[in-house]
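**Student:** So here's data.cif (mmCIF, C-alpha atoms).
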data_coords
#
loop_
_atom_site.label_atom_id
_atom_site.label_comp_id
_atom_site.auth_asym_id
_atom_site.auth_seq_id
_atom_site.Cartn_x
_atom_site.Cartn_y
_atom_site.Cartn_z
CA MET A 1425 -40.21 178.84 141.43
CA ARG A 1426 -41.40 180.18 138.13
CA PHE A 1427 -39.36 183.31 138.64
CA ARG A 1428 -36.27 181.24 139.34
CA LYS A 1429 -36.65 179.17 136.19
CA ASN A 1430 -36.94 182.30 134.13
CA GLY A 1431 -33.82 183.60 135.84
CA ILE A 1432 -31.92 180.41 135.06
CA TYR A 1433 -33.04 180.53 131.47
CA MET A 1434 -32.16 184.19 131.29
CA TYR A 1435 -28.50 183.43 132.15
CA LEU A 1436 -28.31 180.05 130.41
CA TYR A 1437 -28.94 181.24 126.84
CA PRO A 1438 -26.17 183.87 126.69
CA THR A 1439 -23.78 181.39 128.26
CA LEU A 1440 -24.57 178.78 125.59
CA ILE A 1441 -24.11 181.37 122.82
CA ILE A 1442 -20.70 182.38 124.19
CA LEU A 1443 -19.59 178.74 124.46
CA VAL A 1444 -20.68 178.05 120.87
CA MET A 1445 -18.80 181.09 119.57
CA ILE A 1446 -15.65 180.08 121.48
CA SER A 1447 -15.79 176.52 120.16
CA LEU A 1448 -16.32 177.76 116.59
CA SER A 1449 -13.39 180.16 116.78
CA ILE A 1450 -11.09 177.48 118.24
CA GLY A 1451 -12.14 174.99 115.58
CA TYR A 1452 -11.67 177.56 112.80
CA SER A 1453 -8.19 178.45 114.02
CA LEU A 1454 -7.20 174.78 114.22
CA TRP A 1455 -8.61 174.21 110.72
CA MET A 1456 -6.62 177.14 109.33
CA ASP A 1457 -3.45 175.78 110.90
CA ARG A 1458 -3.92 172.43 109.22
CA MET A 1459 -5.10 173.65 105.81
CA ASN A 1460 -2.75 172.86 102.89
CA VAL A 1461 -3.52 173.59 99.25
CA PHE A 1462 -1.62 171.85 96.47
CA GLY A 1463 -1.89 172.28 92.72
CA THR A 1464 -0.45 173.91 89.60
CA VAL A 1465 -1.97 176.83 87.74
CA TYR A 1466 -0.97 176.73 84.07
CA THR A 1467 -1.12 180.08 82.32
CA GLY A 1468 0.88 179.35 79.17
CA GLU A 1469 3.93 181.11 77.76
CA LEU A 1470 4.36 184.12 75.50
CA ASP A 1471 7.46 183.85 73.34
CA ILE A 1472 7.59 185.97 70.17
CA ASP A 1473 10.95 185.70 68.37
CA PHE A 1474 12.70 187.15 65.35
CA ASN A 1475 13.05 184.05 63.22
CA TYR A 1476 14.68 185.59 60.15
CA VAL A 1477 16.01 189.01 59.15
CA CYS A 1478 17.34 190.58 55.96
CA THR A 1479 18.32 194.15 55.10
CA GLU A 1480 19.03 196.13 51.95
CA TYR A 1481 20.62 199.51 51.36
CA LEU A 1482 19.36 201.68 48.50
CA HIS A 1483 21.27 204.70 47.14
CA CYS A 1484 21.12 206.29 43.69
CA GLY A 1485 19.56 203.17 42.20
CA CYS A 1486 22.28 200.92 43.65
CA HIS A 1487 21.46 198.05 45.95
CA GLY A 1488 23.66 196.64 48.66
CA GLU A 1489 23.36 194.59 51.84
CA LEU A 1490 24.10 196.01 55.27
CA THR A 1491 25.91 194.33 58.13
CA TYR A 1492 23.64 193.59 61.05
CA THR A 1493 23.38 191.45 64.16
CA TRP A 1494 20.24 189.84 65.52
CA ASP A 1495 18.86 187.34 67.98
CA GLU A 1496 15.35 186.39 69.04
CA ASN A 1497 14.59 189.77 70.61
CA ASN A 1498 17.03 192.33 69.20
CA ILE A 1499 18.16 193.59 65.79
CA ASN A 1500 21.00 196.07 65.39
CA ILE A 1501 21.93 197.68 62.07
CA GLU A 1502 24.84 200.07 61.61
CA ILE A 1503 25.13 202.47 58.66
CA PRO A 1504 28.71 203.80 58.34
CA ASP A 1505 29.69 206.70 56.05
CA SER A 1506 26.12 207.34 55.00
CA PRO A 1507 25.34 209.70 52.10
CA SER A 1508 22.61 212.30 52.37
CA HIS A 1509 19.97 210.47 50.34
CA TYR A 1510 19.39 206.79 50.94
CA ALA A 1511 16.91 204.18 52.12
CA VAL A 1512 17.12 201.07 54.28
CA VAL A 1513 14.72 198.16 53.83
CA LEU A 1514 14.39 195.67 56.69
CA VAL A 1515 12.35 192.47 56.41
CA MET A 1516 11.73 190.37 59.53
CA GLU A 1517 10.00 187.05 59.96
CA ILE A 1518 8.49 186.99 63.45
CA PHE A 1519 7.58 183.60 64.92
CA ASN A 1520 5.37 182.74 67.91
CA ASP A 1521 7.33 180.01 69.70
CA GLY A 1522 5.10 180.10 72.79
CA SER A 1523 1.82 178.47 73.78
CA GLU A 1524 -0.25 181.68 74.00
CA TYR A 1525 -1.65 184.02 71.38
CA GLY A 1526 0.46 187.14 71.00
CA TYR A 1527 -1.10 190.55 70.46
CA LEU A 1528 0.46 193.84 69.38
CA ASN A 1529 -1.63 197.00 69.81
CA SER A 1530 1.01 199.68 69.28
CA ILE A 1531 4.67 200.22 68.40
CA TYR A 1532 7.02 202.63 70.14
CA LEU A 1533 9.59 204.70 68.21
CA GLU A 1534 12.38 206.65 69.91
CA SER A 1535 15.05 208.61 68.04
CA ASP A 1536 17.45 211.50 68.43
CA ILE A 1537 16.82 212.28 64.75
CA GLU A 1538 13.73 214.33 63.95
CA ILE A 1539 11.26 211.95 62.34
CA GLY A 1540 9.13 213.78 59.81
CA ASP A 1541 10.15 215.43 56.56
CA LYS A 1542 13.84 214.53 56.16
CA ALA A 1543 13.74 211.21 57.96
CA ARG A 1544 10.71 208.97 57.54
CA VAL A 1545 9.94 205.43 58.68
CA TYR A 1546 7.20 203.28 57.15
CA GLY A 1547 6.03 199.85 58.26
CA MET A 1548 3.59 197.08 57.39
CA PHE A 1549 2.76 193.51 58.50
CA PHE A 1550 2.24 190.69 56.00
CA ARG A 1551 0.77 187.25 56.65
CA HIS A 1552 2.57 185.63 53.71
CA GLU A 1553 6.02 186.26 52.30
CA GLU A 1554 4.76 186.30 48.70
CA ASP A 1555 2.46 189.23 49.55
CA ILE A 1556 5.32 191.58 50.47
CA PHE A 1557 5.68 194.73 48.38
CA PHE A 1558 7.93 197.76 48.83
CA ASP A 1559 5.85 200.87 48.19
CA PRO A 1560 6.28 202.88 51.41
CA GLU A 1561 3.59 205.41 50.52
CA SER A 1562 1.06 202.55 50.57
CA TYR A 1563 2.10 201.32 54.01
CA PRO A 1564 -0.42 201.97 56.82
CA LEU A 1565 2.30 202.81 59.37
CA ASN A 1566 4.00 206.17 58.87
CA PHE A 1567 5.88 206.34 62.15
CA HIS A 1568 6.20 209.32 64.45
CA GLN A 1569 7.95 209.74 67.77
CA ALA A 1570 6.52 207.83 70.77
CA TRP A 1571 3.56 205.45 70.49
CA ASN A 1572 2.12 204.46 67.11
CA CYS A 1573 -1.26 202.70 67.26
CA LEU A 1574 -1.91 199.87 64.85
CA SER A 1575 -4.86 200.09 62.49
CA PRO A 1576 -7.58 198.99 62.61
CA ASN A 1577 -7.13 197.23 65.96
CA CYS A 1578 -4.12 195.01 66.60
CA ILE A 1579 -1.88 192.31 65.17
CA SER A 1580 -2.57 188.82 66.54
CA GLN A 1581 -0.30 185.82 66.19
CA ALA A 1582 -1.27 182.24 67.02
CA PRO A 1583 1.18 179.75 68.58
CA GLY A 1584 3.39 178.30 65.85
CA GLU A 1585 2.50 181.06 63.38
CA SER A 1586 4.88 183.33 61.45
CA ILE A 1587 4.23 186.90 60.36
CA TYR A 1588 6.37 189.30 58.31
CA PHE A 1589 7.16 192.85 59.38
CA VAL A 1590 8.71 195.22 56.84
CA LEU A 1591 10.32 198.55 57.76
CA ILE A 1592 11.48 201.14 55.21
CA TYR A 1593 13.67 203.99 56.45
CA ILE A 1594 14.04 206.94 54.06
CA PHE A 1595 16.65 209.64 54.70
CA ASP A 1596 16.74 212.80 52.59
CA PHE A 1597 19.13 215.20 54.30
CA ASP A 1598 20.59 218.40 52.91
CA CYS A 1599 23.52 217.68 50.61
CA SER A 1600 25.18 220.96 51.60
CA CYS A 1601 25.84 219.61 55.11
CA ARG A 1602 29.55 219.13 55.71
CA ASN A 1603 28.94 216.31 58.13
CA ASP A 1604 26.37 213.64 57.51
CA PRO A 1605 23.88 213.36 60.37
CA SER A 1606 24.41 210.63 62.90
CA GLY A 1607 22.01 209.18 65.42
CA HIS A 1608 19.73 206.25 66.07
CA VAL A 1609 16.16 205.11 65.45
CA ASN A 1610 14.90 202.50 67.93
CA ILE A 1611 11.59 200.71 67.47
CA ARG A 1612 10.05 198.56 70.20
CA LEU A 1613 7.35 195.91 69.72
CA PRO A 1614 5.66 195.10 73.08
CA TRP A 1615 3.80 191.82 72.44
CA HIS A 1616 1.31 190.68 75.11
CA THR A 1617 -1.49 188.21 75.80
CA LEU A 1618 -5.07 188.94 76.75
CA LYS A 1619 -4.70 187.33 80.20
CA CYS A 1620 -2.77 190.19 81.77
CA ASP A 1621 -1.96 193.78 81.00
CA ASP A 1622 0.92 194.87 78.77
CA GLY A 1623 3.24 195.51 81.69
CA GLY A 1624 2.82 192.05 83.18
CA TRP A 1625 3.06 189.99 80.01
CA SER A 1626 5.16 192.08 77.64
CA ASP A 1627 7.62 190.32 75.36
CA ASN A 1628 9.54 193.23 73.91
CA GLN A 1629 11.42 193.13 70.62
CA ILE A 1630 13.76 196.01 69.83
CA ILE A 1631 14.97 197.11 66.37
CA GLU A 1632 17.95 199.46 66.46
CA LEU A 1633 19.20 201.46 63.48
CA ASP A 1634 22.44 203.36 64.17
CA ILE A 1635 23.78 205.97 61.74
CA ILE A 1636 27.51 206.44 62.15
CA SER A 1637 29.06 209.35 60.25
#
Here is a file; write its structure as structure tokens.

**Tutor:**
Amino acid sequence: MRFRKNGIYMYLYPTLIILVMISLSIGYSLWMDRMNVFGTVYTGELDIDFNYVCTEYLHCGCHGELTYTWDENNINIEIPDSPSHYAVVLVMEIFNDGSEYGYLNSIYLESDIEIGDKARVYGMFFRHEEDIFFDPESYPLNFHQAWNCLSPNCISQAPGESIYFVLIYIFDFDCSCRNDPSGHVNIRLPWHTLKCDDGGWSDNQIIELDIIS
């Protein structure tokens, strides 16, 4: 009799374990079928816009305004019949119309004109309009092709805040050239937040300067 009880117990325990596992798996599957999750995840909005733009053309001590087009994300300037020695000054007010902080770690420059000795591009950010000055040699950004890192770290812009970005293009080509050089200089500002990487949260602004000879 003792042997039989042990035998019953020996088969009873594994059977109970199997039944418990089956019941748990059935209950879990039914629970998964009925599970519904509702809610809204608010992450904010990044929206950095060009709020105001002005340009000036400098040649032989003469000043003149250039024709340009712009919207919130793009600026296009055309320079027709350009002389060999001239400069273009571009002042932009950039406004954060979103609900997230905007950050700018680097600026991308792409051009079919060699940027260096004969064609130079300088840039600087200003917090206040009255602080703007136009000495390119004192500007921290002396652009080169491809990515240009901002010093010392990055530009940050709070929601509802304006910042001023000044670009100075200087062209000093050889006067003996029969044809004035033509080409373009495109500058891209990839703003982003700290919540995601640049690729996922980029709000690109593009500044296009076209030289038409």

**Student:** Go ahead and find all residues with at least one atom no further than 9 Å from (21.8, 199.3, 70.5) in the file's coordinates, using all atoms listed in the file; report them as a PDB file with C-alpha atoms, keeping the file's coordinate frame.

**Tutor:**
ATOM      1  CA  ASN A1498      17.030 192.330  69.200  1.00  0.00           C
ATOM      2  CA  ILE A1499      18.160 193.590  65.790  1.00  0.00           C
ATOM      3  CA  ASN A1500      21.000 196.070  65.390  1.00  0.00           C
ATOM      4  CA  ILE A1501      21.930 197.680  62.070  1.00  0.00           C
ATOM      5  CA  HIS A1608      19.730 206.250  66.070  1.00  0.00           C
ATOM      6  CA  ASN A1610      14.900 202.500  67.930  1.00  0.00           C
ATOM      7  CA  ILE A1630      13.760 196.010  69.830  1.00  0.00           C
ATOM      8  CA  ILE A1631      14.970 197.110  66.370  1.00  0.00           C
ATOM      9  CA  GLU A1632      17.950 199.460  66.460  1.00  0.00           C
ATOM     10  CA  LEU A1633      19.200 201.460  63.480  1.00  0.00           C
ATOM     11  CA  ASP A1634      22.440 203.360  64.170  1.00  0.00           C
TER      12      ASP A1634
END

**Student:** Please determine, counting all atoms listed in the file, which residue among A:Gly1526, A:Gly1607, A:Glu1554, A:Phe1595 has the shortest atom-to-atom distance to Gly1468 in chain A.

**Tutor:** A:Gly1526

**Student:** Measuring between all atoms listed in the file, which one of A:Asn1520, A:Tyr1593, A:Glu1469, A:Ala1582 shows the shortest distance to Leu1482 in chain A?

**Tutor:**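 Among the listed residues, A:Tyr1593 lies closest to Leu1482 in chain A.
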
**Student:** To verify the selection step, state as an MDAnalysis selection string which residues the PyMOL selection byres ((chain A and resi 1531-1540) around 10) yields on this input.

**Tutor:** chainID A and resid 1528:1530 1541:1545 1565:1574 1595 1605:1615 1630:1635

**Student:** Would you compute the distance between CA of Ile1503 in chain A and CA of Gly1547 in chain A? Give it in Å to one decimal.

**Tutor:**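 Interatomic distance here is 19.3 Å.
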
**Student:** Determine, counting all atoms listed in the file, which protein, DNA and RNA residues have an atom within 8 Å of an atom of Met1548 in chain A; residues of the same chain fewer than 6 positions away are not included. Present the result as a list in words.

**Tutor:**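 Contacts, with the query itself left out: Tyr1563, Pro1564, Leu1565, Phe1589, Val1590 and Leu1591 of chain A.
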
**Student:** Work out how far CA of Gly1488 in chain A is from CA of Phe1519 in chain A, in Å to one decimal.

**Tutor:** 26.3 Å

**Student:** Under the rule that all atoms listed in the file are counted, which of A:Glu1496, A:Asp1473, A:Glu1502, A:Glu1524 is the nearest residue to Ser1637 in chain A?

**Tutor:**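 Smallest separation from Ser1637 in chain A among the options: A:Glu1502.
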
**Student:** Quick one: which residues end up in the PyMOL selection byres ((chain A and resi 1507-1512) around 6) for this structure, as a list in words?

**Tutor:**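 Listing what the PyMOL selection byres ((chain A and resi 1507-1512) around 6) selects in the shown file: Glu1480, Tyr1481, Leu1482, His1483, Ser1506, Val1513, Ile1592, Tyr1593, Ile1594, Phe1595, Asp1596, Phe1597 and Cys1599 of chain A.
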
**Student:** Let me know the residues the PyMOL selection byres ((chain A and resi 1518) around 7) catches in the file above, as a PyMOL selection string.

**Tutor:** chain A and resi 1472-1475+1516-1517+1519-1520+1586-1588

**Student:** Using only C-alpha atoms, which residues sit within 8 Å of Tyr1527 in chain A once same-chain residues fewer than 5 positions away are excluded, as a PyMOL selection string?

**Tutor:** chain A and resi 1578-1581+1615-1618

**Student:** Expressed in Å to a single decimal, how great is the separation between CA of Cys1478 in chain A and CA of Val1515 in chain A?

**Tutor:**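 If I compute the distance from CA of Cys1478 in chain A to CA of Val1515 in chain A, I get 5.4 Å.
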